[in-house]
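File shown: query_3.csv. Contents: CSV, C-alpha atoms.
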chain,number,residue,atom,x,y,z
I,1,MET,CA,140.6,-2.5,-97.1
I,2,ARG,CA,142.5,0.1,-99.1
I,3,VAL,CA,142.1,3.8,-98.4
I,4,LEU,CA,142.7,6.6,-100.9
I,5,TYR,CA,143.6,9.9,-99.2
I,6,ILE,CA,142.9,13.0,-101.4
I,7,VAL,CA,144.7,15.9,-99.8
I,8,PRO,CA,146.2,19.3,-100.7
I,9,ASN,CA,149.8,19.3,-101.9
I,10,ALA,CA,151.1,20.7,-98.6
I,11,TYR,CA,149.8,17.7,-96.8
I,12,VAL,CA,151.2,15.0,-99.0
I,13,ARG,CA,154.7,14.5,-97.6
I,14,ASN,CA,153.7,14.7,-94.0
I,15,LEU,CA,150.8,12.3,-94.4
I,16,ARG,CA,152.9,9.8,-96.4
I,17,ARG,CA,155.4,9.9,-93.5
I,18,THR,CA,152.6,9.3,-91.0
I,19,LEU,CA,151.2,6.4,-93.0
I,20,SER,CA,154.6,4.9,-94.0
I,21,GLY,CA,153.8,1.7,-92.0
I,22,GLU,CA,150.5,1.2,-93.9
I,23,SER,CA,151.9,1.7,-97.4
I,24,GLY,CA,150.2,-1.5,-98.6
I,25,THR,CA,146.7,-0.3,-97.6
I,26,CYS,CA,146.9,3.5,-98.1
I,27,LEU,CA,147.3,5.7,-101.2
I,28,VAL,CA,148.0,9.5,-100.8
I,29,MET,CA,147.3,11.7,-103.8
I,30,THR,CA,146.5,15.3,-104.6
I,31,LEU,CA,143.5,15.9,-106.9
I,32,PRO,CA,145.8,16.7,-109.9
I,33,GLY,CA,147.8,13.5,-109.1
I,34,LEU,CA,144.5,11.5,-109.0
I,35,VAL,CA,143.5,12.9,-112.4
I,36,ALA,CA,146.9,12.0,-113.8
I,37,GLN,CA,146.5,8.5,-112.5
I,38,ILE,CA,143.1,8.1,-114.1
I,39,LEU,CA,144.3,9.4,-117.4
I,40,LYS,CA,147.3,7.0,-117.2
I,41,GLU,CA,145.0,4.0,-116.5
I,42,GLY,CA,142.8,5.1,-119.5
I,43,LEU,CA,145.9,5.3,-121.8
I,44,VAL,CA,145.2,9.0,-122.5
I,45,SER,CA,148.2,10.7,-124.1
I,46,TYR,CA,148.5,14.5,-123.6
I,47,LYS,CA,151.0,17.3,-123.0
I,48,GLU,CA,151.2,20.1,-120.5
I,49,ASP,CA,152.7,23.4,-121.6
I,50,GLN,CA,151.9,26.6,-119.6
I,51,ILE,CA,154.0,28.7,-122.0
I,52,LEU,CA,151.9,27.6,-125.0
I,53,GLU,CA,148.7,28.1,-123.0
I,54,GLU,CA,149.8,31.7,-122.5
I,55,VAL,CA,150.7,32.1,-126.2
I,56,ALA,CA,147.3,30.6,-127.2
I,57,LEU,CA,145.6,33.3,-125.1
I,58,TRP,CA,147.4,36.1,-126.9
I,59,GLN,CA,146.8,34.5,-130.3
I,60,THR,CA,143.1,34.0,-129.5
I,61,VAL,CA,142.6,37.7,-128.8
I,62,ARG,CA,144.7,38.8,-131.7
I,63,ASP,CA,142.8,36.6,-134.1
I,64,HIS,CA,139.5,38.2,-133.1
I,65,ALA,CA,140.6,41.7,-132.3
I,66,ASP,CA,138.6,43.1,-135.3
I,67,VAL,CA,135.3,41.5,-134.3
I,68,LEU,CA,135.2,42.1,-130.6
I,69,GLN,CA,132.6,44.8,-129.5
I,70,PHE,CA,131.9,44.0,-125.9
I,71,PHE,CA,135.6,43.3,-125.0
I,72,GLY,CA,137.0,45.5,-127.7
I,73,PRO,CA,137.7,48.6,-125.6
I,74,ILE,CA,139.9,46.6,-123.1
I,75,ALA,CA,141.2,43.8,-125.3
I,76,HIS,CA,144.5,45.6,-126.0
I,77,TYR,CA,145.4,45.9,-122.4
I,78,PRO,CA,147.8,43.2,-121.0
I,79,GLY,CA,145.6,42.9,-117.9
I,80,PHE,CA,142.8,41.7,-120.1
I,81,ILE,CA,144.8,38.5,-121.0
I,82,GLN,CA,145.0,37.6,-117.3
I,83,GLU,CA,141.3,38.3,-116.8
I,84,LEU,CA,140.5,36.1,-119.8
I,85,LYS,CA,142.7,33.4,-118.4
I,86,TRP,CA,140.7,33.5,-115.2
I,87,LEU,CA,137.4,33.5,-117.0
I,88,PHE,CA,138.4,30.5,-119.1
I,89,ARG,CA,139.5,28.6,-116.0
I,90,GLN,CA,136.2,29.3,-114.3
I,91,LEU,CA,134.3,28.1,-117.3
I,92,ASP,CA,136.3,24.9,-117.6
I,93,TYR,CA,135.8,24.1,-113.9
I,94,GLY,CA,132.1,24.4,-114.3
I,95,GLU,CA,131.4,27.7,-112.7
I,96,ASP,CA,128.4,29.7,-113.9
I,97,ILE,CA,129.8,33.0,-114.9
I,98,PHE,CA,127.4,33.9,-117.7
I,99,ALA,CA,124.5,34.8,-115.4
I,100,SER,CA,126.1,38.2,-114.6
I,101,MET,CA,127.2,39.0,-118.2
I,102,PRO,CA,125.2,40.8,-121.0
I,103,GLY,CA,124.3,38.6,-124.0
I,104,GLU,CA,126.9,40.3,-126.2
I,105,GLY,CA,129.6,39.5,-123.7
I,106,GLN,CA,128.5,35.9,-123.4
I,107,GLY,CA,128.7,35.4,-127.1
I,108,GLU,CA,132.2,36.9,-127.4
I,109,LEU,CA,133.5,34.9,-124.4
I,110,ARG,CA,132.2,31.6,-125.9
I,111,LEU,CA,133.8,32.6,-129.2
I,112,LEU,CA,137.2,33.3,-127.6
I,113,HIS,CA,137.0,30.2,-125.4
I,114,ASN,CA,136.2,27.8,-128.3
I,115,HIS,CA,139.1,29.3,-130.4
I,116,TYR,CA,141.5,28.9,-127.4
I,117,GLN,CA,140.6,25.3,-126.9
I,118,GLN,CA,141.0,24.6,-130.7
I,119,ILE,CA,144.6,26.0,-130.6
I,120,LEU,CA,145.5,23.9,-127.6
I,121,SER,CA,143.9,20.8,-129.1
I,122,LYS,CA,145.9,21.2,-132.3
I,123,TYR,CA,149.1,20.8,-130.3
I,124,GLY,CA,147.8,18.1,-128.0
I,125,ILE,CA,147.8,20.3,-124.9
I,126,MET,CA,145.4,19.7,-122.1
I,127,THR,CA,144.9,22.3,-119.4
I,128,ALA,CA,144.2,21.2,-115.9
I,129,PRO,CA,140.4,21.6,-116.2
I,130,VAL,CA,140.4,19.7,-119.5
I,131,GLN,CA,142.4,16.9,-117.9
I,132,LEU,CA,139.8,16.8,-115.1
I,133,LYS,CA,136.9,16.6,-117.6
I,134,ARG,CA,138.6,13.8,-119.5
I,135,SER,CA,139.3,11.8,-116.3
I,136,LEU,CA,135.6,12.3,-115.3
I,137,GLU,CA,134.5,10.8,-118.6
I,138,LEU,CA,136.8,7.8,-118.0
I,139,ALA,CA,135.5,7.4,-114.4
I,140,LYS,CA,131.9,7.3,-115.7
I,141,GLN,CA,132.8,4.6,-118.3
I,142,ARG,CA,134.7,2.2,-116.0
I,143,ARG,CA,135.6,1.7,-112.4
I,144,VAL,CA,139.0,3.3,-111.9
I,145,LEU,CA,141.4,2.5,-109.0
I,146,ALA,CA,139.5,-0.7,-108.5
I,147,GLU,CA,141.6,-1.7,-105.5
I,148,VAL,CA,140.3,1.3,-103.4
I,149,ASP,CA,137.5,0.7,-101.0
I,150,VAL,CA,137.4,4.0,-99.1
I,151,ILE,CA,138.0,7.6,-100.3
I,152,ARG,CA,139.0,10.0,-97.6
I,153,LEU,CA,138.8,13.7,-98.7
I,154,GLN,CA,141.0,15.6,-96.3
I,155,GLY,CA,141.3,19.4,-96.1
I,156,ILE,CA,139.9,20.1,-99.6
I,157,GLU,CA,137.1,22.2,-100.8
I,158,PRO,CA,136.5,20.9,-104.3
I,159,ASN,CA,135.1,23.1,-107.1
I,160,PRO,CA,131.9,21.8,-109.0
I,161,LEU,CA,133.9,19.8,-111.6
I,162,GLN,CA,136.2,18.2,-108.9
I,163,GLN,CA,133.1,17.4,-106.8
I,164,GLU,CA,131.5,15.6,-109.7
I,165,LEU,CA,134.6,13.5,-110.2
I,166,ILE,CA,134.7,12.7,-106.5
I,167,ASP,CA,131.0,11.7,-106.5
I,168,VAL,CA,131.5,9.4,-109.4
I,169,LEU,CA,134.6,7.7,-107.8
I,170,ALA,CA,132.7,7.3,-104.5
I,171,GLU,CA,129.9,5.2,-106.1
I,172,GLY,CA,130.1,1.8,-104.4
I,173,ARG,CA,132.7,3.0,-102.0
I,174,ARG,CA,132.7,4.8,-98.7
I,175,LEU,CA,133.4,8.5,-98.8
I,176,GLU,CA,134.8,10.2,-95.8
I,177,ILE,CA,135.3,14.0,-95.5
I,178,VAL,CA,137.8,15.1,-92.9
I,179,TRP,CA,138.9,18.5,-91.8
I,180,PRO,CA,142.1,18.8,-89.8
I,181,LYS,CA,141.8,20.2,-86.4
I,182,VAL,CA,143.2,23.7,-86.2
I,183,GLN,CA,145.1,24.4,-83.0
I,184,GLU,CA,145.3,27.8,-81.4
I,185,PRO,CA,148.6,29.4,-82.4
I,186,VAL,CA,151.3,29.7,-79.8
I,187,ILE,CA,153.2,33.0,-80.1
I,188,GLU,CA,156.6,33.5,-78.4
I,189,VAL,CA,158.4,36.9,-78.5
I,190,ARG,CA,162.2,37.1,-78.3
I,191,LYS,CA,164.3,40.2,-78.5
I,192,ALA,CA,167.7,40.4,-80.3
I,193,SER,CA,170.4,42.9,-79.7
I,194,ASP,CA,170.8,43.7,-83.4
I,195,PRO,CA,169.7,42.5,-86.9
I,196,VAL,CA,172.6,40.1,-87.2
I,197,ALA,CA,171.7,38.4,-83.9
I,198,GLU,CA,168.1,38.4,-84.9
I,199,VAL,CA,168.7,36.5,-88.2
I,200,GLU,CA,171.0,34.1,-86.4
I,201,MET,CA,168.3,33.5,-83.8
I,202,ILE,CA,165.8,32.8,-86.6
I,203,GLY,CA,168.3,30.5,-88.4
I,204,GLN,CA,168.9,28.5,-85.3
I,205,ALA,CA,165.2,28.1,-84.7
I,206,LEU,CA,164.6,27.0,-88.3
I,207,ARG,CA,167.5,24.5,-88.1
I,208,LYS,CA,166.1,23.0,-84.9
I,209,GLN,CA,162.7,22.5,-86.5
I,210,ILE,CA,164.2,21.0,-89.7
I,211,GLU,CA,166.2,18.5,-87.7
I,212,GLU,CA,163.1,17.6,-85.7
I,213,GLY,CA,161.4,16.6,-89.0
I,214,THR,CA,159.2,19.6,-89.6
I,215,PRO,CA,158.2,19.6,-93.3
I,216,LEU,CA,160.0,22.5,-95.1
I,217,GLU,CA,156.8,23.6,-96.8
I,218,THR,CA,155.3,24.5,-93.4
I,219,LEU,CA,158.1,26.8,-92.5
I,220,GLY,CA,158.2,30.5,-93.3
I,221,VAL,CA,159.9,33.7,-92.2
I,222,ALA,CA,158.7,37.3,-92.6
I,223,PHE,CA,160.7,40.5,-92.3
I,224,PRO,CA,159.5,44.1,-92.1
I,225,SER,CA,162.0,45.1,-94.7
I,226,PRO,CA,163.2,42.0,-96.6
I,227,ALA,CA,165.7,43.9,-98.8
I,228,GLN,CA,167.5,45.2,-95.8
I,229,TYR,CA,167.9,41.7,-94.2
I,230,LEU,CA,169.0,39.9,-97.4
I,231,PRO,CA,172.7,40.7,-97.0
I,232,ILE,CA,172.6,39.2,-93.5
I,233,LEU,CA,170.3,36.4,-94.3
I,234,LEU,CA,172.3,34.9,-97.2
I,235,PRO,CA,175.5,34.1,-95.2
I,236,VAL,CA,173.7,33.0,-92.1
I,237,PHE,CA,171.3,30.6,-93.8
I,238,GLU,CA,174.2,29.2,-96.0
I,239,LYS,CA,176.3,28.6,-92.8
I,240,LEU,CA,173.4,26.7,-91.2
I,241,LYS,CA,172.5,24.9,-94.5
I,242,ILE,CA,169.0,26.1,-94.5
I,243,PRO,CA,167.3,25.8,-98.0
I,244,TRP,CA,165.1,28.9,-98.7
I,245,ARG,CA,163.6,30.9,-101.5
I,246,ALA,CA,161.9,34.3,-101.6
I,247,PRO,CA,158.1,34.2,-102.1
Translate this structure into structure tokens?
Amino acid sequence: MRVLYIVPNAYVRNLRRTLSGESGTCLVMTLPGLVAQILKEGLVSYKEDQILEEVALWQTVRDHADVLQFFGPIAHYPGFIQELKWLFRQLDYGEDIFASMPGEGQGELRLLHNHYQQILSKYGIMTAPVQLKRSLELAKQRRVLAEVDVIRLQGIEPNPLQQELIDVLAEGRRLEIVWPKVQEPVIEVRKASDPVAEVEMIGQALRKQIEEGTPLETLGVAFPSPAQYLPILLPVFEKLKIPWRAP
């Protein structure tokens, strides 16, 4: 029996480590990874380019600037582009966002969305929702990941389009939905004599957890005034060989 685990990205490394002894019977994937695998099996060729997606948004608005009435008063603001990006994403993922919009707004949104997709299609670009839709079409046509007997959805709340893909994949297979148990947090308070000692104490605690095998993506540090701590943090973390990046 082969089990496919579908998990959030933050779970992948840890779960693969836990299941390392069962590598022949278990697959661990994120939803985007699963979509990519289905497209690969279906021999679908596509490109990803987030910069071009952003450019296509601006071009879409520019090409229709003279005909927009509902969105016209706000179309020239940079924030409108980000709002439009969110609206397109909701549409592509199957969310019903038209119900709360006037008819004029619905028409303009459809116009802009269609033009945006035409631009991306011209360059062979597939956004994440479009990849998901294409993988859903393939899954309906033929059985994908034929070697999988059980699908285990762990720690994921799928949107409508993702749920439809999971339902199609689960036909003829057992579907299990698992939510990780959340433990009560343990808080320990320690006092340092000064900021340097505080950062060194934090660094030593991080280094200990890293050496014990704690996944890096689960570790984080917060400071009341990050800019003030940065000159101290850099040399201490470098000395302790702690990889880090600012959020």
Distance in Å - CA of Val12 in chain I versus CA of Leu132 in chain I: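 Separation between CA of Val12 in chain I and CA of Leu132 in chain I: 19.8 Å.
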Ref. answer, residues at most 12 Å from (139.5, -4.2, -104.8) with only C-alpha atoms, as an MDAnalysis selection string: chainID I and resid 1:4 25 143:150 172:173
Just write the chosen residues, C-alpha atoms, as a PDB file, in the coordinates of the input.
ATOM      1  CA  MET I   1     140.600  -2.500 -97.100  1.00  0.00           C
ATOM      2  CA  ARG I   2     142.500   0.100 -99.100  1.00  0.00           C
ATOM      3  CA  VAL I   3     142.100   3.800 -98.400  1.00  0.00           C
ATOM      4  CA  LEU I   4     142.700   6.600-100.900  1.00  0.00           C
ATOM      5  CA  THR I  25     146.700  -0.300 -97.600  1.00  0.00           C
ATOM      6  CA  ARG I 143     135.600   1.700-112.400  1.00  0.00           C
ATOM      7  CA  VAL I 144     139.000   3.300-111.900  1.00  0.00           C
ATOM      8  CA  LEU I 145     141.400   2.500-109.000  1.00  0.00           C
ATOM      9  CA  ALA I 146     139.500  -0.700-108.500  1.00  0.00           C
ATOM     10  CA  GLU I 147     141.600  -1.700-105.500  1.00  0.00           C
ATOM     11  CA  VAL I 148     140.300   1.300-103.400  1.00  0.00           C
ATOM     12  CA  ASP I 149     137.500   0.700-101.000  1.00  0.00           C
ATOM     13  CA  VAL I 150     137.400   4.000 -99.100  1.00  0.00           C
ATOM     14  CA  GLY I 172     130.100   1.800-104.400  1.00  0.00           C
ATOM     15  CA  ARG I 173     132.700   3.000-102.000  1.00  0.00           C
TER      16      ARG I 173
END
Atom-to-atom span, CA of Pro78 in chain I and CA of Leu52 in chain I, Å: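 Taking CA of Pro78 in chain I and CA of Leu52 in chain I, their separation equals 16.6 Å.
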Distance in Å - CA of Leu31 in chain I versus CA of Ile6 in chain I: 6.2 Å
Who sits within 12 Å of Leu234 in chain I, all atoms listed in the file, same chain under 2 positions skipped, as a PyMOL selection string: chain I and resi 196+199-200+203+226-232+236-246
Please build the interface table for range 159-212 of chain I against range 88-111 of chain I with a cut-off of 8 Å, listing for each qualifying residue the nearest atom pair and the distance in Å to one decimal; count only C-alpha atoms, order rows by chain and increasing number, and write it as a tab-separated table.
residue	atom	partner	partner_atom	distance
I:Asn159	CA	I:Tyr93	CA	6.9
I:Pro160	CA	I:Gly94	CA	5.9
I:Leu161	CA	I:Tyr93	CA	5.2
I:Gln162	CA	I:Tyr93	CA	7.7
Excluding Ala205 in chain I and any residue of its chain fewer than 4 positions from it, enumerate the residues within 12 Å of it, using only C-alpha atoms, and give them as a PDB file with C-alpha atoms, keeping the file's coordinate frame.
ATOM      1  CA  GLU I 188     156.600  33.500 -78.400  1.00  0.00           C
ATOM      2  CA  ARG I 190     162.200  37.100 -78.300  1.00  0.00           C
ATOM      3  CA  GLU I 198     168.100  38.400 -84.900  1.00  0.00           C
ATOM      4  CA  VAL I 199     168.700  36.500 -88.200  1.00  0.00           C
ATOM      5  CA  GLU I 200     171.000  34.100 -86.400  1.00  0.00           C
ATOM      6  CA  MET I 201     168.300  33.500 -83.800  1.00  0.00           C
ATOM      7  CA  GLN I 209     162.700  22.500 -86.500  1.00  0.00           C
ATOM      8  CA  ILE I 210     164.200  21.000 -89.700  1.00  0.00           C
ATOM      9  CA  GLU I 211     166.200  18.500 -87.700  1.00  0.00           C
ATOM     10  CA  GLU I 212     163.100  17.600 -85.700  1.00  0.00           C
ATOM     11  CA  THR I 214     159.200  19.600 -89.600  1.00  0.00           C
ATOM     12  CA  LEU I 219     158.100  26.800 -92.500  1.00  0.00           C
ATOM     13  CA  GLY I 220     158.200  30.500 -93.300  1.00  0.00           C
ATOM     14  CA  VAL I 221     159.900  33.700 -92.200  1.00  0.00           C
ATOM     15  CA  PHE I 237     171.300  30.600 -93.800  1.00  0.00           C
ATOM     16  CA  LEU I 240     173.400  26.700 -91.200  1.00  0.00           C
ATOM     17  CA  ILE I 242     169.000  26.100 -94.500  1.00  0.00           C
TER      18      ILE I 242
END
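Between Gln82 in chain I and the residues I:Leu68, I:Leu233, I:Leu57, I:Ile187, the shortest atom-to-atom distance, using only C-alpha atoms, involves I:Leu57.
The closest residue to Trp86 in chain I, picked from I:Gln204, I:Glu54, I:His64, I:Glu48 and counting all atoms listed in the file, is I:Glu54.
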Spatial sel., origin (145.9, 13.2, -107.6), limit 12 Å, all atoms listed in the file, listed as a VMD selection string: chain I and resid 4 to 9 12 27 to 40 128 131 to 132 135 145 153 162 165 to 166
Minimum-distance residue to Asp49 in chain I, chosen among I:Pro129, I:Pro235, I:Gly213, I:Gly124 (using all atoms listed in the file):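 The answer is I:Gly124, which sits nearest to Asp49 in chain I.
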